[in-house]
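Visitor: File follows, upload_6.csv with CSV, C-alpha atoms:
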```
chain,number,residue,atom,x,y,z
L,10,MET,CA,-87.7,175.5,35.3
L,11,ARG,CA,-87.9,179.0,34.0
L,12,SER,CA,-87.2,182.0,36.2
L,13,GLU,CA,-90.0,184.2,37.4
L,14,SER,CA,-90.1,187.9,36.7
L,15,LEU,CA,-89.6,190.3,39.6
L,16,PRO,CA,-92.8,191.3,41.6
L,17,ARG,CA,-94.6,194.3,40.2
L,18,SER,CA,-95.5,195.3,43.8
L,19,ALA,CA,-92.0,196.6,44.2
L,20,ILE,CA,-92.3,199.1,41.3
L,21,ARG,CA,-93.8,202.5,41.6
L,22,GLU,CA,-96.5,203.1,38.9
L,23,SER,CA,-94.6,206.3,37.7
L,24,GLU,CA,-91.4,204.3,37.0
L,25,GLY,CA,-91.0,202.1,33.9
L,26,ARG,CA,-89.3,198.8,33.9
L,27,TYR,CA,-86.3,198.0,31.8
L,28,ILE,CA,-84.2,195.1,30.4
L,29,TYR,CA,-80.5,195.3,30.2
L,30,MET,CA,-78.8,194.2,26.9
L,31,ALA,CA,-75.4,193.1,28.1
L,32,CYS,CA,-72.4,193.0,25.8
L,33,PRO,CA,-69.3,195.1,24.9
L,34,TRP,CA,-70.8,198.4,23.7
L,35,THR,CA,-68.0,199.2,21.4
L,36,PRO,CA,-66.9,197.8,18.0
L,37,LEU,CA,-64.9,195.2,19.9
L,38,GLY,CA,-68.3,193.6,20.5
L,39,GLY,CA,-68.6,192.7,16.8
L,40,GLY,CA,-71.8,191.0,15.9
L,41,MET,CA,-73.0,190.8,19.5
L,42,PHE,CA,-72.8,194.6,19.7
L,43,LYS,CA,-74.6,195.1,16.4
L,44,VAL,CA,-77.4,192.7,17.2
L,45,ALA,CA,-78.1,194.3,20.6
L,46,ASP,CA,-77.8,197.8,19.1
L,47,TYR,CA,-80.2,196.9,16.3
L,48,LEU,CA,-82.8,195.8,18.9
L,49,ILE,CA,-82.4,199.0,20.9
L,50,GLN,CA,-82.7,201.1,17.8
L,51,ALA,CA,-85.8,199.2,16.8
L,52,GLN,CA,-87.7,199.9,20.0
L,53,ALA,CA,-90.4,202.5,20.5
L,54,SER,CA,-89.6,205.8,22.2
L,55,THR,CA,-89.4,205.7,26.0
L,56,SER,CA,-92.6,207.8,26.2
L,57,ALA,CA,-94.5,205.2,24.2
L,58,ILE,CA,-93.1,202.5,26.4
L,59,ALA,CA,-94.1,204.3,29.6
L,60,SER,CA,-97.7,204.6,28.4
L,61,ALA,CA,-97.9,200.8,27.7
L,62,ASP,CA,-97.2,197.7,29.8
L,63,ALA,CA,-93.7,197.3,28.3
L,64,ALA,CA,-90.1,197.6,29.1
L,65,GLU,CA,-87.3,199.7,27.8
L,66,LEU,CA,-84.2,197.9,26.3
L,67,ARG,CA,-81.1,199.5,27.7
L,68,PRO,CA,-77.4,199.0,26.9
L,69,LEU,CA,-75.1,197.5,29.6
L,70,ASP,CA,-71.4,197.6,28.7
L,71,THR,CA,-69.5,194.6,30.1
L,72,ARG,CA,-66.1,195.2,28.6
L,73,GLY,CA,-65.3,198.7,27.5
L,74,GLY,CA,-63.0,199.7,24.7
L,75,ALA,CA,-59.6,199.9,26.5
L,76,ASN,CA,-57.2,197.2,27.8
L,77,ALA,CA,-58.1,194.0,29.7
L,78,LEU,CA,-57.4,195.5,33.1
L,79,TYR,CA,-59.9,198.3,32.5
L,80,SER,CA,-62.4,195.8,31.3
L,81,PHE,CA,-62.5,194.4,34.9
L,82,TRP,CA,-63.6,197.9,36.1
L,83,VAL,CA,-66.3,198.1,33.4
L,84,LEU,CA,-67.5,194.6,34.4
L,85,ALA,CA,-67.7,195.5,38.1
L,86,THR,CA,-69.6,198.7,37.2
L,87,ALA,CA,-72.1,196.6,35.2
L,88,LEU,CA,-72.6,194.2,38.1
L,89,ALA,CA,-73.2,197.3,40.4
L,90,ARG,CA,-75.8,198.6,37.9
L,91,ILE,CA,-77.6,195.2,37.9
L,92,ALA,CA,-77.7,195.3,41.7
L,93,ARG,CA,-79.1,198.8,41.8
L,94,GLY,CA,-81.7,197.8,39.3
L,95,ARG,CA,-82.7,194.8,41.4
L,96,LEU,CA,-83.0,196.9,44.5
L,97,SER,CA,-85.2,199.4,42.7
L,98,GLY,CA,-87.5,196.7,41.5
L,99,ARG,CA,-87.4,198.2,38.0
L,100,LEU,CA,-84.9,195.8,36.3
L,101,ALA,CA,-87.1,193.1,34.7
L,102,GLY,CA,-84.2,190.9,33.4
L,103,VAL,CA,-80.8,190.8,31.7
L,104,HIS,CA,-80.3,189.7,28.1
L,105,VAL,CA,-76.7,188.4,28.1
L,106,ASN,CA,-75.0,188.3,24.7
L,107,MET,CA,-72.1,185.8,24.8
L,108,ALA,CA,-69.3,184.7,22.5
L,109,GLU,CA,-66.3,182.5,23.2
L,110,ARG,CA,-62.9,182.9,25.0
L,111,LEU,CA,-62.9,185.8,27.5
L,112,SER,CA,-66.5,186.6,26.7
L,113,LEU,CA,-67.5,183.3,28.2
L,114,PHE,CA,-65.9,184.1,31.5
L,115,ARG,CA,-67.1,187.8,31.7
L,116,LYS,CA,-70.7,186.9,30.8
L,117,GLY,CA,-70.4,183.9,33.1
L,118,ALA,CA,-69.8,186.3,36.0
L,119,VAL,CA,-72.8,188.4,34.9
L,120,ILE,CA,-75.0,185.4,34.8
L,121,ALA,CA,-73.8,184.1,38.2
L,122,ALA,CA,-74.3,187.5,39.8
L,123,CYS,CA,-77.8,187.8,38.4
L,124,ARG,CA,-78.6,184.3,39.8
L,125,ALA,CA,-77.4,185.4,43.2
L,126,LEU,CA,-79.5,188.6,43.0
L,127,GLY,CA,-82.6,186.9,41.8
L,128,VAL,CA,-82.6,188.6,38.4
L,129,PRO,CA,-83.8,186.4,35.5
L,130,VAL,CA,-81.5,186.0,32.6
L,131,VAL,CA,-81.8,185.1,28.9
L,132,LEU,CA,-78.5,184.0,27.3
L,133,HIS,CA,-78.0,184.8,23.7
L,134,LEU,CA,-75.2,182.8,22.1
L,135,HIS,CA,-73.5,184.4,19.1
L,136,ALA,CA,-70.2,182.4,19.2
L,137,ALA,CA,-69.1,180.7,16.0
L,138,GLN,CA,-66.3,178.8,17.7
L,139,LEU,CA,-67.5,178.0,21.2
L,140,HIS,CA,-67.6,174.3,20.5
L,141,HIS,CA,-63.9,174.4,19.6
L,142,PHE,CA,-63.1,176.5,22.6
L,143,TYR,CA,-65.1,174.4,25.0
L,144,ARG,CA,-63.5,171.2,23.9
L,145,SER,CA,-60.0,172.7,24.4
L,146,LEU,CA,-60.8,173.7,28.0
L,147,PRO,CA,-59.6,171.5,31.0
L,148,ARG,CA,-62.3,169.5,32.7
L,149,PRO,CA,-62.9,171.9,35.6
L,150,LEU,CA,-63.5,174.8,33.2
L,151,GLN,CA,-65.8,172.7,31.1
L,152,ALA,CA,-67.8,171.9,34.2
L,153,MET,CA,-67.9,175.6,35.0
L,154,THR,CA,-69.2,176.3,31.5
L,155,ARG,CA,-72.0,173.8,31.8
L,156,TRP,CA,-72.9,175.3,35.2
L,157,VAL,CA,-73.1,178.8,33.7
L,158,PHE,CA,-75.4,177.5,30.9
L,159,SER,CA,-77.6,175.8,33.5
L,160,LEU,CA,-78.5,179.2,35.2
L,161,PRO,CA,-80.4,181.2,32.6
L,162,ALA,CA,-84.1,180.9,32.1
L,163,SER,CA,-83.4,180.1,28.4
L,164,CYS,CA,-80.7,180.1,25.8
L,165,MET,CA,-81.1,181.7,22.4
L,166,VAL,CA,-79.0,180.2,19.5
L,167,LEU,CA,-78.6,181.0,15.8
L,168,GLY,CA,-79.5,177.6,14.4
L,169,THR,CA,-79.7,173.9,14.6
L,170,ALA,CA,-76.0,173.2,14.9
L,171,ALA,CA,-75.6,175.5,17.9
L,172,ARG,CA,-78.8,174.1,19.4
L,173,GLN,CA,-77.4,170.6,19.2
L,174,PHE,CA,-74.1,171.6,20.8
L,175,VAL,CA,-75.8,173.4,23.7
L,176,ILE,CA,-78.1,170.5,24.4
L,177,GLU,CA,-75.8,167.5,23.8
L,178,GLU,CA,-72.5,168.9,25.2
L,179,LEU,CA,-73.5,171.7,27.6
L,180,GLY,CA,-76.4,169.7,29.0
L,181,VAL,CA,-79.1,172.4,28.6
L,182,ALA,CA,-82.7,171.0,28.5
L,183,PRO,CA,-84.2,171.1,25.0
L,184,ASP,CA,-87.2,173.1,26.2
L,185,ARG,CA,-84.8,175.9,27.4
L,186,VAL,CA,-83.1,176.3,24.0
L,187,ASP,CA,-84.7,178.6,21.4
L,188,ILE,CA,-83.6,179.1,17.8
L,189,VAL,CA,-83.8,182.8,17.0
L,190,ILE,CA,-82.4,183.9,13.6
L,191,ASN,CA,-80.9,187.4,13.6
L,192,GLY,CA,-82.5,190.2,11.8
L,193,VAL,CA,-81.2,193.5,10.4
L,194,PRO,CA,-82.9,196.9,9.6
L,195,GLU,CA,-84.1,198.0,6.3
L,196,PRO,CA,-81.4,199.8,4.2
L,197,THR,CA,-80.9,203.5,5.0
L,198,HIS,CA,-79.3,204.4,1.7
L,199,ALA,CA,-80.9,204.1,-1.8
L,200,ARG,CA,-79.6,201.2,-3.9
L,201,ARG,CA,-77.7,202.1,-7.0
L,202,ILE,CA,-79.5,201.8,-10.3
L,203,ALA,CA,-78.6,198.7,-12.2
L,204,GLY,CA,-76.1,199.5,-14.9
L,205,ASP,CA,-75.4,203.0,-13.7
L,206,SER,CA,-71.7,202.4,-13.7
L,207,ALA,CA,-69.2,200.5,-15.8
L,208,THR,CA,-67.3,199.6,-12.6
L,209,GLN,CA,-68.0,196.2,-11.0
L,210,ARG,CA,-67.9,196.5,-7.2
L,211,VAL,CA,-67.1,193.7,-4.8
L,212,LEU,CA,-67.3,194.2,-1.0
L,213,PHE,CA,-65.9,192.3,2.0
L,214,VAL,CA,-67.0,193.4,5.5
L,215,GLY,CA,-65.5,191.8,8.6
L,216,ASN,CA,-62.5,191.7,10.8
L,217,LEU,CA,-59.5,191.1,8.5
L,218,SER,CA,-58.2,187.7,9.6
L,219,GLU,CA,-57.3,184.3,8.3
L,220,ARG,CA,-60.5,182.8,9.8
L,221,LYS,CA,-62.5,185.2,7.5
L,222,GLY,CA,-60.5,183.9,4.5
L,223,VAL,CA,-58.9,187.3,3.6
L,224,THR,CA,-55.7,185.8,2.3
L,225,ASP,CA,-57.7,183.3,0.2
L,226,LEU,CA,-59.7,186.2,-1.2
L,227,LEU,CA,-56.6,188.3,-2.1
L,228,GLN,CA,-55.0,185.3,-3.8
L,229,ALA,CA,-58.2,184.6,-5.8
L,230,LEU,CA,-58.2,188.2,-7.0
L,231,ALA,CA,-54.6,187.7,-8.2
L,232,LEU,CA,-55.4,184.7,-10.4
L,233,PRO,CA,-54.9,185.3,-14.1
L,234,GLY,CA,-58.3,184.0,-15.2
L,235,LEU,CA,-60.2,186.6,-13.3
L,236,ASP,CA,-61.3,189.7,-15.4
L,237,THR,CA,-60.2,192.7,-13.3
L,238,THR,CA,-60.4,195.4,-16.0
L,239,LYS,CA,-63.6,196.9,-14.5
L,240,LEU,CA,-63.2,195.5,-11.0
L,241,GLU,CA,-63.1,197.5,-7.7
L,242,VAL,CA,-62.8,195.5,-4.5
L,243,THR,CA,-63.2,197.1,-1.0
L,244,LEU,CA,-62.3,195.4,2.2
L,245,ALA,CA,-64.0,197.1,5.2
L,246,GLY,CA,-62.9,196.0,8.6
L,247,GLY,CA,-60.3,196.2,11.4
L,248,GLY,CA,-57.5,193.8,12.2
L,249,ASP,CA,-54.0,193.8,10.7
L,250,VAL,CA,-54.8,196.1,7.8
L,251,LYS,CA,-51.2,197.0,7.0
L,252,ALA,CA,-50.2,193.3,6.7
L,253,TYR,CA,-53.0,192.7,4.2
L,254,GLU,CA,-52.3,195.9,2.3
L,255,ALA,CA,-48.7,194.6,1.9
L,256,LYS,CA,-50.0,191.2,0.7
L,257,ALA,CA,-52.2,193.0,-1.9
L,258,LYS,CA,-49.1,194.9,-3.2
L,259,GLU,CA,-47.1,191.7,-3.2
L,260,LEU,CA,-49.7,190.0,-5.3
L,261,GLY,CA,-49.9,192.9,-7.7
L,262,ILE,CA,-53.6,193.7,-7.0
L,263,ALA,CA,-53.3,197.0,-5.1
L,264,GLY,CA,-54.5,199.0,-8.1
L,265,PHE,CA,-58.1,197.8,-7.8
L,266,VAL,CA,-58.2,196.6,-4.1
L,267,ARG,CA,-58.7,199.2,-1.4
L,268,PHE,CA,-58.8,198.8,2.4
L,269,ALA,CA,-61.4,201.0,4.1
L,270,GLY,CA,-60.4,200.1,7.7
L,271,TRP,CA,-62.9,199.7,10.4
L,272,SER,CA,-66.3,201.1,9.2
L,273,ASP,CA,-69.3,202.1,11.3
L,274,GLN,CA,-72.9,201.2,10.5
L,275,GLN,CA,-73.5,204.2,8.2
L,276,GLN,CA,-70.2,203.7,6.3
L,277,VAL,CA,-71.1,200.1,5.7
L,278,ALA,CA,-74.6,201.1,4.6
L,279,ARG,CA,-73.1,203.4,2.0
L,280,LEU,CA,-70.7,200.8,0.7
L,281,MET,CA,-73.4,198.2,0.6
L,282,ALA,CA,-75.8,200.4,-1.4
L,283,ARG,CA,-73.3,200.7,-4.3
L,284,THR,CA,-72.0,197.1,-4.2
L,285,ASP,CA,-72.6,194.4,-6.8
L,286,VAL,CA,-71.4,191.4,-4.9
L,287,LEU,CA,-70.6,190.7,-1.2
L,288,VAL,CA,-67.9,188.1,-0.7
L,289,LEU,CA,-67.3,186.3,2.6
L,290,PRO,CA,-65.0,183.3,2.2
L,291,SER,CA,-64.8,182.4,6.0
L,292,TYR,CA,-63.7,179.1,7.5
L,293,ASP,CA,-66.0,179.5,10.5
L,294,GLU,CA,-69.1,181.6,11.2
L,295,GLY,CA,-72.4,181.6,13.1
L,296,LEU,CA,-74.9,183.6,10.9
L,297,PRO,CA,-73.0,186.7,9.8
L,298,LEU,CA,-75.0,189.9,10.0
L,299,VAL,CA,-73.2,191.3,7.0
L,300,ILE,CA,-74.8,188.6,4.8
L,301,LEU,CA,-78.2,189.5,6.1
L,302,GLU,CA,-77.5,193.2,5.4
L,303,ALA,CA,-76.5,192.2,1.9
L,304,LEU,CA,-79.8,190.4,1.4
L,305,ALA,CA,-81.7,193.4,2.7
L,306,ASN,CA,-79.9,195.6,0.2
L,307,GLY,CA,-80.5,193.2,-2.7
L,308,VAL,CA,-76.8,192.5,-3.1
L,309,ALA,CA,-75.7,189.2,-4.5
L,310,VAL,CA,-73.7,187.0,-2.0
L,311,VAL,CA,-70.7,184.8,-2.6
L,312,CYS,CA,-69.8,182.9,0.6
L,313,THR,CA,-68.7,179.6,2.2
L,314,PRO,CA,-71.4,177.2,3.5
L,315,VAL,CA,-70.1,177.2,7.1
L,316,GLY,CA,-71.9,177.5,10.5
L,317,GLU,CA,-75.6,178.2,10.2
L,318,ILE,CA,-75.3,179.7,6.6
L,319,PRO,CA,-76.3,176.5,4.7
L,320,SER,CA,-79.4,176.1,7.0
L,321,VAL,CA,-80.8,179.5,5.8
L,322,LEU,CA,-79.3,180.0,2.3
L,323,GLN,CA,-79.4,177.9,-0.8
L,324,ASP,CA,-76.6,177.7,-3.3
L,325,GLY,CA,-77.6,179.1,-6.7
L,326,ILE,CA,-80.9,180.4,-5.3
L,327,ASN,CA,-80.1,183.3,-2.9
L,328,ALA,CA,-76.3,182.8,-2.6
L,329,CYS,CA,-73.3,181.3,-4.4
L,330,PHE,CA,-71.4,178.9,-2.3
L,331,VAL,CA,-67.7,178.2,-2.5
L,332,GLN,CA,-65.8,175.8,-0.2
L,333,PRO,CA,-63.4,177.3,2.5
L,334,GLY,CA,-59.9,177.6,1.2
L,335,ASP,CA,-60.8,177.0,-2.4
L,336,VAL,CA,-58.9,180.0,-4.0
L,337,PRO,CA,-59.7,179.1,-7.6
L,338,GLY,CA,-63.3,178.5,-6.6
L,339,ILE,CA,-63.6,182.0,-5.1
L,340,ALA,CA,-62.3,183.6,-8.3
L,341,ALA,CA,-64.6,181.4,-10.5
L,342,ALA,CA,-67.7,182.3,-8.3
L,343,LEU,CA,-66.9,186.0,-8.5
L,344,GLN,CA,-66.4,185.9,-12.2
L,345,GLN,CA,-69.6,184.0,-12.8
L,346,VAL,CA,-71.8,186.3,-10.6
L,347,LEU,CA,-70.2,189.5,-12.0
L,348,GLN,CA,-70.5,188.5,-15.7
L,349,ASP,CA,-73.8,186.6,-15.7
L,350,ASP,CA,-76.4,189.4,-15.3
L,351,GLY,CA,-79.3,186.9,-15.2
L,352,LEU,CA,-77.7,185.0,-12.3
L,353,ARG,CA,-76.8,188.2,-10.4
L,354,ASP,CA,-80.3,189.6,-10.8
L,355,SER,CA,-81.8,186.3,-9.6
L,356,LEU,CA,-79.6,186.2,-6.5
L,357,GLU,CA,-80.5,189.8,-5.7
L,358,ARG,CA,-84.3,189.3,-6.1
L,359,ASN,CA,-84.3,186.0,-4.2
L,360,GLY,CA,-82.1,187.4,-1.5
L,361,ARG,CA,-84.3,190.4,-0.9
L,362,ALA,CA,-87.4,188.2,-0.8
L,363,LEU,CA,-85.7,185.9,1.8
L,364,TYR,CA,-84.8,189.0,3.9
L,365,GLU,CA,-88.4,190.1,3.9
L,366,ARG,CA,-89.6,186.6,4.9
L,367,SER,CA,-87.0,185.8,7.5
L,368,PHE,CA,-84.5,188.5,8.4
L,369,SER,CA,-86.4,191.7,8.9
L,370,ILE,CA,-85.8,193.6,12.1
L,371,ALA,CA,-89.5,193.5,12.9
L,372,ARG,CA,-89.5,189.7,12.8
L,373,PHE,CA,-86.3,189.5,14.9
L,374,PHE,CA,-87.6,192.0,17.5
L,375,SER,CA,-90.9,190.1,17.8
L,376,SER,CA,-89.1,186.8,18.3
L,377,VAL,CA,-86.9,188.3,21.1
L,378,ALA,CA,-89.8,190.1,22.6
L,379,HIS,CA,-91.7,186.9,22.8
L,380,ILE,CA,-88.9,185.3,24.8
L,381,HIS,CA,-88.6,188.4,27.1
L,382,GLN,CA,-92.3,188.3,27.8
L,383,ARG,CA,-92.2,184.6,28.6
L,384,ASP,CA,-89.0,184.7,30.8
L,385,PHE,CA,-89.1,188.3,32.2
L,386,GLY,CA,-92.9,188.9,32.3
L,387,VAL,CA,-92.5,192.0,30.2
L,388,ALA,CA,-90.9,193.0,26.8
L,389,GLY,CA,-90.0,195.9,24.7
L,390,ARG,CA,-92.2,197.5,22.1
L,391,ALA,CA,-91.1,197.9,18.5
L,392,LEU,CA,-91.2,201.0,16.3
L,393,ARG,CA,-93.2,200.8,13.1
L,394,ALA,CA,-90.9,199.3,10.5
L,395,PRO,CA,-89.5,202.0,8.1
L,396,THR,CA,-90.0,201.7,4.3
L,397,ALA,CA,-86.9,200.7,2.4
L,398,PRO,CA,-85.4,203.3,0.1
L,399,GLN,CA,-86.4,202.9,-3.5
L,400,GLU,CA,-83.8,201.9,-6.1
L,401,GLY,CA,-82.3,205.1,-7.5
L,402,ALA,CA,-84.1,207.4,-5.1
L,403,ALA,CA,-82.4,210.5,-3.9
```
Turn this file's structure into structure tokens for me.
Guide:
Amino acid sequence: MRSESLPRSAIRESEGRYIYMACPWTPLGGGMFKVADYLIQAQASTSAIASADAAELRPLDTRGGANALYSFWVLATALARIARGRLSGRLAGVHVNMAERLSLFRKGAVIAACRALGVPVVLHLHAAQLHHFYRSLPRPLQAMTRWVFSLPASCMVLGTAARQFVIEELGVAPDRVDIVINGVPEPTHARRIAGDSATQRVLFVGNLSERKGVTDLLQALALPGLDTTKLEVTLAGGGDVKAYEAKAKELGIAGFVRFAGWSDQQQVARLMARTDVLVLPSYDEGLPLVILEALANGVAVVCTPVGEIPSVLQDGINACFVQPGDVPGIAAALQQVLQDDGLRDSLERNGRALYERSFSIARFFSSVAHIHQRDFGVAGRALRAPTAPQEGAA
């Protein structure tokens, strides 16, 4: 049975209601942080919200950016803020963004505290590997996980595979599980004009790790059959950057491969606007935001069909698929997309059209607001969607 929203009688007319978006509010939060931040950026101003029967989406940091010990203090502070919001009568609900590993236990504490305080919760599952992590847990912790998932009013998942896992293994009733596909904002930087440069640019965005297939990508770039005469490859992301830089030097590709390190939203937007191909040869994913950002920018995508990716993208239509770990396949796919102008143009057009149909921030905000309204009795209001920059515009 779904949780009821808090009584409006406890709220002074002059005070607005709000919904906490709970996740690590630092780059450590990864996709969770970006999704929550995109939703907050997309909401109307607080004055517009105050004049309507709506709620303000507010950030709630549950981890902090320092060490694990400090994260307990941040979590305790978050719980205290929830309690204050409950006592004031203004907190309508908490939207908990959850991944796997320690995120499961931190967010489990938030969900349990909300249940004890009578604050309704929506759980938003972003984890790409929770099914693996859950199966590795001892039985008592598996039971605790199932209990945590039984508490929220509803559970939002990225696609059919995650929905099946939540229902069949975590025991959540099907009518409490909603598939909500992520969305991303319109590009903030003008797309480069086709053919304005002789350089062919390939971009990887993500945490530099083996799960993301970074070594496979570097090895593919070193294969003799790949034409690298005009190639420029940028890897943007944190992780063990120095180790992968050393690997690039060892493979003899350091001349055209650069490591940008961790990049913020605006830095990634600038890189994306001038990129020909986004490559993401991961072994495990949910539905990566960087792929949606590439579609929004009209950038051709080369990726692996893992997680929820094959449920929303089609090989040869709006993406080019290569199997995880297939090093020659990565090189061949990049070569084909870079050299076949017709194929690349088709991927760009179809990808942008798919973004407009399915992945716009307006559509995403509306889907989340519908669930908030249903489970919290109130929801945020969205800004008017901005117009995308025109190709070649200043």
Visitor: If I take CA of Cys329 (chain L) and CA of Phe174 (chain L), how far is one from the other in Å, to one decimal?
Guide: 27.0 Å
Visitor: Nearest residue to Glu357 (chain L) out of L:Leu343, L:Val377, L:Leu304, L:Leu289, using only C-alpha atoms?
Guide: L:Leu304
Visitor: Find the residues around Leu352 (chain L) up to 12 Å (only C-alpha atoms counted), leave out those fewer than 4 positions away in its own chain, and share them as a PDB file with C-alpha atoms, in the frame of the given file.
Guide:
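As a result, result34.pdb now contains:
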```pdb
ATOM      1  CA  VAL L 286     -71.400 191.400  -4.900  1.00  0.00           C
ATOM      2  CA  VAL L 308     -76.800 192.500  -3.100  1.00  0.00           C
ATOM      3  CA  ALA L 309     -75.700 189.200  -4.500  1.00  0.00           C
ATOM      4  CA  VAL L 310     -73.700 187.000  -2.000  1.00  0.00           C
ATOM      5  CA  VAL L 311     -70.700 184.800  -2.600  1.00  0.00           C
ATOM      6  CA  ASP L 324     -76.600 177.700  -3.300  1.00  0.00           C
ATOM      7  CA  GLY L 325     -77.600 179.100  -6.700  1.00  0.00           C
ATOM      8  CA  ILE L 326     -80.900 180.400  -5.300  1.00  0.00           C
ATOM      9  CA  ASN L 327     -80.100 183.300  -2.900  1.00  0.00           C
ATOM     10  CA  ALA L 328     -76.300 182.800  -2.600  1.00  0.00           C
ATOM     11  CA  CYS L 329     -73.300 181.300  -4.400  1.00  0.00           C
ATOM     12  CA  ALA L 342     -67.700 182.300  -8.300  1.00  0.00           C
ATOM     13  CA  LEU L 343     -66.900 186.000  -8.500  1.00  0.00           C
ATOM     14  CA  GLN L 344     -66.400 185.900 -12.200  1.00  0.00           C
ATOM     15  CA  GLN L 345     -69.600 184.000 -12.800  1.00  0.00           C
ATOM     16  CA  VAL L 346     -71.800 186.300 -10.600  1.00  0.00           C
ATOM     17  CA  LEU L 347     -70.200 189.500 -12.000  1.00  0.00           C
ATOM     18  CA  GLN L 348     -70.500 188.500 -15.700  1.00  0.00           C
ATOM     19  CA  LEU L 356     -79.600 186.200  -6.500  1.00  0.00           C
ATOM     20  CA  GLU L 357     -80.500 189.800  -5.700  1.00  0.00           C
ATOM     21  CA  ARG L 358     -84.300 189.300  -6.100  1.00  0.00           C
ATOM     22  CA  ASN L 359     -84.300 186.000  -4.200  1.00  0.00           C
ATOM     23  CA  GLY L 360     -82.100 187.400  -1.500  1.00  0.00           C
TER      24      GLY L 360
END
```
Visitor: Where does region 168-285 of chain L meet region 365-376 of chain L within 10 Å, residue by residue, with the nearest atom pair and distance in Å to one decimal for each, counting only C-alpha atoms, listed by chain and rising number, as JSON lines?
Guide:
```
{"residue": "L:Asp187", "atom": "CA", "partner": "L:Ser376", "partner_atom": "CA", "distance": 9.8}
{"residue": "L:Ile188", "atom": "CA", "partner": "L:Ser376", "partner_atom": "CA", "distance": 9.5}
{"residue": "L:Val189", "atom": "CA", "partner": "L:Ser376", "partner_atom": "CA", "distance": 6.8}
{"residue": "L:Ile190", "atom": "CA", "partner": "L:Phe373", "partner_atom": "CA", "distance": 6.9}
{"residue": "L:Asn191", "atom": "CA", "partner": "L:Phe373", "partner_atom": "CA", "distance": 5.9}
{"residue": "L:Gly192", "atom": "CA", "partner": "L:Phe368", "partner_atom": "CA", "distance": 4.3}
{"residue": "L:Val193", "atom": "CA", "partner": "L:Ile370", "partner_atom": "CA", "distance": 4.9}
{"residue": "L:Pro194", "atom": "CA", "partner": "L:Ile370", "partner_atom": "CA", "distance": 5.1}
{"residue": "L:Glu195", "atom": "CA", "partner": "L:Ser369", "partner_atom": "CA", "distance": 7.2}
```
Visitor: Which of these, L:Ala101, L:Val186, L:Val331, L:Ala31, has the shortest distance to Leu84 (chain L) once you count all atoms listed in the file?
Guide: L:Ala31
Visitor: So how many Å separate CA of Ser163 (chain L) and CA of Ala92 (chain L), to one decimal?
Guide: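 Atom-to-atom, CA of Ser163 (chain L) to CA of Ala92 (chain L), that is 21.0 Å.
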